[in-house]
Every structure is written in structure tokens, then in C-alpha cells.
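Engineer: There's a structure below that I have some questions on.
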Amino acid sequence: MMIVPVANAGTSLITSVENSADQKHKIVHASYVIERTSTCVWKSLNTPEQFPQFIPRLSKAKHLDTQDGKEKFFVIIDPPFPFKEIINVLSVTFIPEKNEIFWEMLEGNIAKNDGHVTLIDMGTSAKLSVKMLLDLGGSWPKSLTAWGVKYYLPKVLRSIEKRVLDSSCAGS
């Protein structure tokens, strides 16, 4: 398990990566505490089309349609040079009464991107718990997953935190 200190005193990002039981995929876990109520954090998490405004390297998140309570999004992530952009069509389910978001990759240029975010209410703060099943596929170097966990995931979580802290509910 890797612990990465972050800017706010007393707060840390905890990440870990393990192989799936079938050894075919990586399972990425992360937890991150944001010093705002879960209601405030949820407001930023349930607006994926706005993610490119504040999440680094996410160049597009377009809502395609809604079917059976699942939202369908087209998403593009621009990894560092020399890697080509990562393109996914995701099916996303928002469960506000449980503060949960599930996503499943329907198609894309990587092999697998499925995951789950749970927002845990801690009174005046909220803990984001993330679990992703990730497989970039054979044409992508394994170092890209390591880069994602070590550098990109912390930036994404800090960007969400900044968005929440800058939001209209920042006083809550």
C-alpha cells in the first residue's frame, strides 16, 4: 500500500494496486478525505459533463443518453506524451441515496475500465473511496498504469477537492 501526502494538513491519499483474482486486470483502490460535507462533495461528483473544466487531462465528457437509470458518457483522457488519448464510452449509474457511483466501460481503446465510488459521510468531512478494475490492454505499456496511480489519480482527487472547496457550498 502506498500513502501519498497531500497539500492539506492532516489529510492523506491512500492508494493501492493489486492483481485481480484471475491475474488479468489491475484493481486500483484509493481513499481521500475532503473537508466538506458529503452533500457538498456529491454536488461536484454527479456532474460528469463538467469534469473537463477541473479534472486535468480529461478533455471531454459528453452525455450521450439515458436508459434504465444509467447515463451513457463519451470520455477522452489525454495521457502524457508519447501515449495516445484514451477513449471510453461509459455506462454510469448514480445512486444518490447511497452516495455511490458505478461505471462500466461499454467500448473504448483500452481493455477494461469499470469502477465504483462511494462517498462516506464523516460529519463535517467526506471520504471518497474509489475502486477501479483497470486493464489498458496489450498495446499499452504497464508503466502507464503506474503513472496513473502515482501521478494522475492524486491530481484527479485534488482537483475534485479544489472544485468542492471553491463551490457555492464551500461554507458547509
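Note on naming: chains are A, B, ... as they come in the C-alpha cells, residues start from 1 per chain, ligands start from 1 in the order shown.
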Write out as an mmCIF file with N, CA and C atoms, in the first residue's frame all residues of stretch 1-163 of chain A that backbone DSSP assigns to strand (DSSP E).
Structural biologist:
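Output contents, as saved in part.cif:
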```cif
data_model
loop_
_atom_site.group_PDB
_atom_site.id
_atom_site.type_symbol
_atom_site.label_atom_id
_atom_site.label_comp_id
_atom_site.auth_asym_id
_atom_site.auth_seq_id
_atom_site.Cartn_x
_atom_site.Cartn_y
_atom_site.Cartn_z
ATOM 1 N N MET A 2 0.495 2.231 -0.762
ATOM 2 C CA MET A 2 1.282 3.443 -0.886
ATOM 3 C C MET A 2 0.483 4.597 -0.283
ATOM 4 N N ILE A 3 1.088 5.404 0.593
ATOM 5 C CA ILE A 3 0.445 6.582 1.163
ATOM 6 C C ILE A 3 1.111 7.804 0.559
ATOM 7 N N VAL A 4 0.286 8.697 0.000
ATOM 8 C CA VAL A 4 0.802 9.896 -0.656
ATOM 9 C C VAL A 4 0.310 11.108 0.120
ATOM 10 N N PRO A 5 1.218 11.913 0.727
ATOM 11 C CA PRO A 5 0.760 13.107 1.425
ATOM 12 C C PRO A 5 0.202 14.129 0.432
ATOM 13 N N SER A 12 -4.595 12.677 3.930
ATOM 14 C CA SER A 12 -3.709 11.893 3.077
ATOM 15 C C SER A 12 -4.516 11.090 2.086
ATOM 16 N N LEU A 13 -3.883 10.814 0.985
ATOM 17 C CA LEU A 13 -4.431 9.957 -0.041
ATOM 18 C C LEU A 13 -3.801 8.592 0.163
ATOM 19 N N ILE A 14 -4.614 7.575 0.189
ATOM 20 C CA ILE A 14 -4.102 6.215 0.313
ATOM 21 C C ILE A 14 -4.483 5.478 -0.963
ATOM 22 N N THR A 15 -3.495 4.913 -1.638
ATOM 23 C CA THR A 15 -3.766 4.153 -2.853
ATOM 24 C C THR A 15 -3.101 2.786 -2.761
ATOM 25 N N SER A 16 -3.678 1.847 -3.455
ATOM 26 C CA SER A 16 -3.042 0.537 -3.583
ATOM 27 C C SER A 16 -3.451 -0.057 -4.925
ATOM 28 N N VAL A 17 -2.603 -0.928 -5.424
ATOM 29 C CA VAL A 17 -2.867 -1.625 -6.678
ATOM 30 C C VAL A 17 -2.601 -3.096 -6.436
ATOM 31 N N GLU A 18 -3.510 -3.924 -6.907
ATOM 32 C CA GLU A 18 -3.323 -5.365 -6.778
ATOM 33 C C GLU A 18 -3.822 -6.037 -8.051
ATOM 34 N N ASN A 19 -3.432 -7.265 -8.250
ATOM 35 C CA ASN A 19 -3.929 -8.035 -9.379
ATOM 36 C C ASN A 19 -5.283 -8.618 -9.036
ATOM 37 N N LYS A 26 -5.789 -5.055 -13.211
ATOM 38 C CA LYS A 26 -5.325 -4.379 -12.001
ATOM 39 C C LYS A 26 -6.539 -3.841 -11.267
ATOM 40 N N ILE A 27 -6.520 -3.954 -9.949
ATOM 41 C CA ILE A 27 -7.556 -3.357 -9.119
ATOM 42 C C ILE A 27 -6.898 -2.203 -8.380
ATOM 43 N N VAL A 28 -7.404 -1.013 -8.623
ATOM 44 C CA VAL A 28 -6.873 0.194 -8.013
ATOM 45 C C VAL A 28 -7.844 0.645 -6.933
ATOM 46 N N HIS A 29 -7.320 0.874 -5.742
ATOM 47 C CA HIS A 29 -8.113 1.390 -4.623
ATOM 48 C C HIS A 29 -7.538 2.748 -4.241
ATOM 49 N N ALA A 30 -8.415 3.656 -3.874
ATOM 50 C CA ALA A 30 -7.959 4.949 -3.361
ATOM 51 C C ALA A 30 -8.983 5.453 -2.359
ATOM 52 N N SER A 31 -8.485 6.129 -1.344
ATOM 53 C CA SER A 31 -9.395 6.829 -0.435
ATOM 54 C C SER A 31 -8.800 8.200 -0.172
ATOM 55 N N TYR A 32 -9.705 9.167 -0.016
ATOM 56 C CA TYR A 32 -9.284 10.558 0.089
ATOM 57 C C TYR A 32 -10.347 11.305 0.891
ATOM 58 N N VAL A 33 -9.922 12.078 1.859
ATOM 59 C CA VAL A 33 -10.859 12.821 2.703
ATOM 60 C C VAL A 33 -10.881 14.277 2.249
ATOM 61 N N ILE A 34 -12.108 14.779 2.061
ATOM 62 C CA ILE A 34 -12.324 16.179 1.706
ATOM 63 C C ILE A 34 -13.035 16.844 2.876
ATOM 64 N N LEU A 58 -8.511 15.395 -18.678
ATOM 65 C CA LEU A 58 -9.816 14.932 -19.148
ATOM 66 C C LEU A 58 -10.312 15.983 -20.130
ATOM 67 N N SER A 59 -10.211 15.675 -21.415
ATOM 68 C CA SER A 59 -10.533 16.685 -22.420
ATOM 69 C C SER A 59 -11.990 16.674 -22.839
ATOM 70 N N LYS A 60 -12.700 15.566 -22.577
ATOM 71 C CA LYS A 60 -14.100 15.507 -22.991
ATOM 72 C C LYS A 60 -14.878 14.539 -22.108
ATOM 73 N N ALA A 61 -16.091 14.952 -21.755
ATOM 74 C CA ALA A 61 -17.054 14.086 -21.081
ATOM 75 C C ALA A 61 -18.426 14.522 -21.586
ATOM 76 N N LYS A 62 -18.925 13.802 -22.558
ATOM 77 C CA LYS A 62 -20.182 14.187 -23.204
ATOM 78 C C LYS A 62 -21.269 13.172 -22.882
ATOM 79 N N HIS A 63 -22.406 13.675 -22.417
ATOM 80 C CA HIS A 63 -23.554 12.811 -22.140
ATOM 81 C C HIS A 63 -24.155 12.365 -23.467
ATOM 82 N N LEU A 64 -24.338 11.056 -23.632
ATOM 83 C CA LEU A 64 -24.892 10.527 -24.875
ATOM 84 C C LEU A 64 -26.375 10.221 -24.756
ATOM 85 N N ASP A 65 -26.763 9.500 -23.704
ATOM 86 C CA ASP A 65 -28.182 9.224 -23.469
ATOM 87 C C ASP A 65 -28.383 8.597 -22.098
ATOM 88 N N THR A 66 -29.637 8.337 -21.771
ATOM 89 C CA THR A 66 -30.005 7.701 -20.511
ATOM 90 C C THR A 66 -30.952 6.549 -20.813
ATOM 91 N N GLN A 67 -30.645 5.375 -20.262
ATOM 92 C CA GLN A 67 -31.509 4.213 -20.428
ATOM 93 C C GLN A 67 -31.525 3.419 -19.138
ATOM 94 N N LYS A 70 -29.386 4.439 -16.255
ATOM 95 C CA LYS A 70 -27.943 4.513 -16.488
ATOM 96 C C LYS A 70 -27.653 5.617 -17.491
ATOM 97 N N GLU A 71 -26.671 6.441 -17.144
ATOM 98 C CA GLU A 71 -26.234 7.518 -18.020
ATOM 99 C C GLU A 71 -25.100 6.986 -18.887
ATOM 100 N N LYS A 72 -25.092 7.376 -20.137
ATOM 101 C CA LYS A 72 -24.032 6.946 -21.049
ATOM 102 C C LYS A 72 -23.201 8.176 -21.409
ATOM 103 N N PHE A 73 -21.857 8.062 -21.221
ATOM 104 C CA PHE A 73 -20.950 9.171 -21.468
ATOM 105 C C PHE A 73 -19.828 8.747 -22.403
ATOM 106 N N PHE A 74 -19.429 9.686 -23.266
ATOM 107 C CA PHE A 74 -18.241 9.551 -24.106
ATOM 108 C C PHE A 74 -17.150 10.354 -23.415
ATOM 109 N N VAL A 75 -16.004 9.705 -23.124
ATOM 110 C CA VAL A 75 -14.952 10.323 -22.321
ATOM 111 C C VAL A 75 -13.606 10.187 -23.040
ATOM 112 N N ILE A 76 -12.823 11.272 -23.025
ATOM 113 C CA ILE A 76 -11.466 11.240 -23.579
ATOM 114 C C ILE A 76 -10.487 11.744 -22.519
ATOM 115 N N ILE A 77 -9.440 10.956 -22.279
ATOM 116 C CA ILE A 77 -8.354 11.335 -21.370
ATOM 117 C C ILE A 77 -7.080 11.446 -22.204
ATOM 118 N N ILE A 86 -6.906 8.190 -24.465
ATOM 119 C CA ILE A 86 -7.713 7.057 -24.008
ATOM 120 C C ILE A 86 -9.166 7.442 -24.220
ATOM 121 N N ILE A 87 -9.876 6.640 -24.994
ATOM 122 C CA ILE A 87 -11.261 6.934 -25.345
ATOM 123 C C ILE A 87 -12.150 5.831 -24.775
ATOM 124 N N ASN A 88 -13.188 6.241 -24.045
ATOM 125 C CA ASN A 88 -14.132 5.288 -23.461
ATOM 126 C C ASN A 88 -15.559 5.757 -23.674
ATOM 127 N N VAL A 89 -16.468 4.812 -23.836
ATOM 128 C CA VAL A 89 -17.895 5.061 -23.674
ATOM 129 C C VAL A 89 -18.261 4.321 -22.397
ATOM 130 N N LEU A 90 -18.754 5.077 -21.422
ATOM 131 C CA LEU A 90 -19.042 4.528 -20.106
ATOM 132 C C LEU A 90 -20.535 4.535 -19.810
ATOM 133 N N SER A 91 -20.999 3.503 -19.156
ATOM 134 C CA SER A 91 -22.340 3.464 -18.588
ATOM 135 C C SER A 91 -22.182 3.804 -17.106
ATOM 136 N N VAL A 92 -22.856 4.853 -16.651
ATOM 137 C CA VAL A 92 -22.689 5.338 -15.282
ATOM 138 C C VAL A 92 -24.026 5.317 -14.551
ATOM 139 N N THR A 93 -24.008 4.762 -13.363
ATOM 140 C CA THR A 93 -25.201 4.734 -12.512
ATOM 141 C C THR A 93 -24.929 5.553 -11.266
ATOM 142 N N PHE A 94 -25.778 6.536 -11.024
ATOM 143 C CA PHE A 94 -25.686 7.380 -9.828
ATOM 144 C C PHE A 94 -26.736 6.905 -8.834
ATOM 145 N N ILE A 95 -26.323 6.643 -7.593
ATOM 146 C CA ILE A 95 -27.251 6.237 -6.540
ATOM 147 C C ILE A 95 -27.121 7.251 -5.411
ATOM 148 N N GLU A 100 -23.291 6.751 -4.039
ATOM 149 C CA GLU A 100 -22.472 5.822 -4.819
ATOM 150 C C GLU A 100 -22.590 6.114 -6.312
ATOM 151 N N ILE A 101 -21.504 5.872 -6.997
ATOM 152 C CA ILE A 101 -21.459 5.973 -8.451
ATOM 153 C C ILE A 101 -20.753 4.715 -8.962
ATOM 154 N N PHE A 102 -21.378 4.055 -9.920
ATOM 155 C CA PHE A 102 -20.784 2.887 -10.572
ATOM 156 C C PHE A 102 -20.579 3.213 -12.045
ATOM 157 N N TRP A 103 -19.465 2.762 -12.626
ATOM 158 C CA TRP A 103 -19.302 2.905 -14.064
ATOM 159 C C TRP A 103 -18.776 1.613 -14.656
ATOM 160 N N GLU A 104 -19.118 1.424 -15.914
ATOM 161 C CA GLU A 104 -18.689 0.250 -16.665
ATOM 162 C C GLU A 104 -18.346 0.717 -18.076
ATOM 163 N N MET A 105 -17.204 0.299 -18.561
ATOM 164 C CA MET A 105 -16.814 0.657 -19.917
ATOM 165 C C MET A 105 -17.583 -0.205 -20.902
ATOM 166 N N LEU A 106 -18.283 0.441 -21.821
ATOM 167 C CA LEU A 106 -19.027 -0.267 -22.852
ATOM 168 C C LEU A 106 -18.168 -0.503 -24.089
ATOM 169 N N GLU A 107 -17.339 0.495 -24.408
ATOM 170 C CA GLU A 107 -16.404 0.369 -25.525
ATOM 171 C C GLU A 107 -15.300 1.385 -25.343
ATOM 172 N N GLY A 108 -14.196 1.140 -26.025
ATOM 173 C CA GLY A 108 -13.069 2.061 -25.913
ATOM 174 C C GLY A 108 -11.795 1.450 -26.454
ATOM 175 N N LYS A 112 -10.320 -2.556 -20.288
ATOM 176 C CA LYS A 112 -11.321 -2.543 -19.208
ATOM 177 C C LYS A 112 -11.162 -1.295 -18.355
ATOM 178 N N ASN A 113 -12.290 -0.695 -18.002
ATOM 179 C CA ASN A 113 -12.337 0.442 -17.089
ATOM 180 C C ASN A 113 -13.690 0.408 -16.404
ATOM 181 N N ASP A 114 -13.790 -0.318 -15.330
ATOM 182 C CA ASP A 114 -15.016 -0.411 -14.542
ATOM 183 C C ASP A 114 -14.682 0.048 -13.135
ATOM 184 N N GLY A 115 -15.644 0.652 -12.460
ATOM 185 C CA GLY A 115 -15.325 1.107 -11.117
ATOM 186 C C GLY A 115 -16.515 1.546 -10.311
ATOM 187 N N HIS A 116 -16.182 2.021 -9.133
ATOM 188 C CA HIS A 116 -17.177 2.346 -8.130
ATOM 189 C C HIS A 116 -16.601 3.421 -7.215
ATOM 190 N N VAL A 117 -17.375 4.456 -6.948
ATOM 191 C CA VAL A 117 -17.009 5.476 -5.981
ATOM 192 C C VAL A 117 -18.068 5.485 -4.897
ATOM 193 N N THR A 118 -17.635 5.462 -3.658
ATOM 194 C CA THR A 118 -18.541 5.610 -2.527
ATOM 195 C C THR A 118 -18.111 6.840 -1.754
ATOM 196 N N LEU A 119 -19.065 7.646 -1.401
ATOM 197 C CA LEU A 119 -18.825 8.842 -0.618
ATOM 198 C C LEU A 119 -19.312 8.547 0.799
ATOM 199 N N ILE A 120 -18.392 8.541 1.759
ATOM 200 C CA ILE A 120 -18.711 8.174 3.139
ATOM 201 C C ILE A 120 -18.819 9.441 3.970
ATOM 202 N N ASP A 121 -19.992 9.638 4.565
ATOM 203 C CA ASP A 121 -20.251 10.822 5.385
ATOM 204 C C ASP A 121 -19.505 10.693 6.705
ATOM 205 N N ALA A 126 -15.976 14.364 4.207
ATOM 206 C CA ALA A 126 -16.445 13.220 3.433
ATOM 207 C C ALA A 126 -15.239 12.447 2.915
ATOM 208 N N LYS A 127 -15.339 11.142 2.964
ATOM 209 C CA LYS A 127 -14.272 10.279 2.458
ATOM 210 C C LYS A 127 -14.707 9.698 1.121
ATOM 211 N N LEU A 128 -13.890 9.940 0.111
ATOM 212 C CA LEU A 128 -14.105 9.336 -1.200
ATOM 213 C C LEU A 128 -13.380 7.999 -1.210
ATOM 214 N N SER A 129 -14.099 6.947 -1.490
ATOM 215 C CA SER A 129 -13.494 5.629 -1.608
ATOM 216 C C SER A 129 -13.691 5.168 -3.053
ATOM 217 N N VAL A 130 -12.583 4.910 -3.743
ATOM 218 C CA VAL A 130 -12.614 4.571 -5.161
ATOM 219 C C VAL A 130 -12.060 3.166 -5.349
ATOM 220 N N LYS A 131 -12.725 2.389 -6.199
ATOM 221 C CA LYS A 131 -12.219 1.077 -6.587
ATOM 222 C C LYS A 131 -12.422 0.946 -8.095
ATOM 223 N N MET A 132 -11.336 0.681 -8.821
ATOM 224 C CA MET A 132 -11.404 0.544 -10.280
ATOM 225 C C MET A 132 -10.783 -0.780 -10.703
ATOM 226 N N LEU A 133 -11.409 -1.402 -11.659
ATOM 227 C CA LEU A 133 -10.856 -2.581 -12.309
ATOM 228 C C LEU A 133 -10.332 -2.082 -13.649
ATOM 229 N N LEU A 134 -9.034 -2.145 -13.831
ATOM 230 C CA LEU A 134 -8.399 -1.486 -14.962
ATOM 231 C C LEU A 134 -7.507 -2.444 -15.726
ATOM 232 N N ASP A 135 -7.630 -2.414 -17.046
ATOM 233 C CA ASP A 135 -6.742 -3.169 -17.917
ATOM 234 C C ASP A 135 -6.563 -2.334 -19.180
#
```
Engineer: Could you check the closest approach to A:Gly138 for each of A:Pro52, A:His25, A:Leu157, A:Lys162 and tell me which residue wins, using only C-alpha atoms?
Structural biologist: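 Looking at the shortest contact to A:Gly138, the residue is A:His25.
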Engineer: Please give the complete set of residues from stretch 1-121 of chain A that DSSP, run on the backbone, assigns to alpha helix (DSSP H), formatted as a PDB file with N, CA and C atoms, in the first residue's frame.
Structural biologist:
```
ATOM      1  N   SER A  38     -20.636  15.556   2.943  1.00  0.00           N
ATOM      2  CA  SER A  38     -20.850  14.652   1.813  1.00  0.00           C
ATOM      3  C   SER A  38     -21.851  15.252   0.824  1.00  0.00           C
ATOM      4  N   THR A  39     -22.821  16.024   1.308  1.00  0.00           N
ATOM      5  CA  THR A  39     -23.784  16.688   0.415  1.00  0.00           C
ATOM      6  C   THR A  39     -23.064  17.642  -0.523  1.00  0.00           C
ATOM      7  N   CYS A  40     -22.129  18.386   0.006  1.00  0.00           N
ATOM      8  CA  CYS A  40     -21.343  19.338  -0.793  1.00  0.00           C
ATOM      9  C   CYS A  40     -20.488  18.601  -1.819  1.00  0.00           C
ATOM     10  N   VAL A  41     -19.827  17.542  -1.417  1.00  0.00           N
ATOM     11  CA  VAL A  41     -18.963  16.775  -2.327  1.00  0.00           C
ATOM     12  C   VAL A  41     -19.800  16.124  -3.426  1.00  0.00           C
ATOM     13  N   TRP A  42     -20.957  15.572  -3.065  1.00  0.00           N
ATOM     14  CA  TRP A  42     -21.825  14.895  -4.028  1.00  0.00           C
ATOM     15  C   TRP A  42     -22.207  15.825  -5.184  1.00  0.00           C
ATOM     16  N   LYS A  43     -22.433  17.095  -4.879  1.00  0.00           N
ATOM     17  CA  LYS A  43     -22.828  18.061  -5.913  1.00  0.00           C
ATOM     18  C   LYS A  43     -21.776  18.155  -7.017  1.00  0.00           C
ATOM     19  N   SER A  44     -20.513  18.000  -6.676  1.00  0.00           N
ATOM     20  CA  SER A  44     -19.453  18.038  -7.689  1.00  0.00           C
ATOM     21  C   SER A  44     -19.278  16.702  -8.404  1.00  0.00           C
ATOM     22  N   LEU A  45     -19.600  15.605  -7.729  1.00  0.00           N
ATOM     23  CA  LEU A  45     -19.398  14.279  -8.317  1.00  0.00           C
ATOM     24  C   LEU A  45     -20.486  13.889  -9.308  1.00  0.00           C
TER      25      LEU A  45
END
```
Engineer: Which one of A:Lys98, A:Gly123, A:Pro80, A:Cys169 sits closest to A:Leu144 if you count only C-alpha atoms?
Structural biologist: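 The answer is A:Pro80, which sits nearest to A:Leu144.
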Engineer: For the atom pair atom CA of A:Ala111 and atom CA of A:Val156, what is the interatomic distance in Å to one decimal place?
Structural biologist: 21.4 Å
Engineer: Work out how far apart atom CA of A:Pro141 and atom CA of A:Gln53 are and give it in Å to one decimal.
Structural biologist: 28.0 Å
Engineer: Return the single residue from A:Met122, A:Lys142, A:Ser159, A:Gln50 that is closest to A:Glu35, with distances computed using only C-alpha atoms.
Structural biologist: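 Nearest candidate to A:Glu35 out of A:Met122, A:Lys142, A:Ser159, A:Gln50: A:Met122.
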Engineer: Could you tell me how far atom CA of A:Tyr151 lies from atom CA of A:Pro82, in Å and to one decimal?
Structural biologist: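 Distance reported for this atom pair: 16.1 Å.
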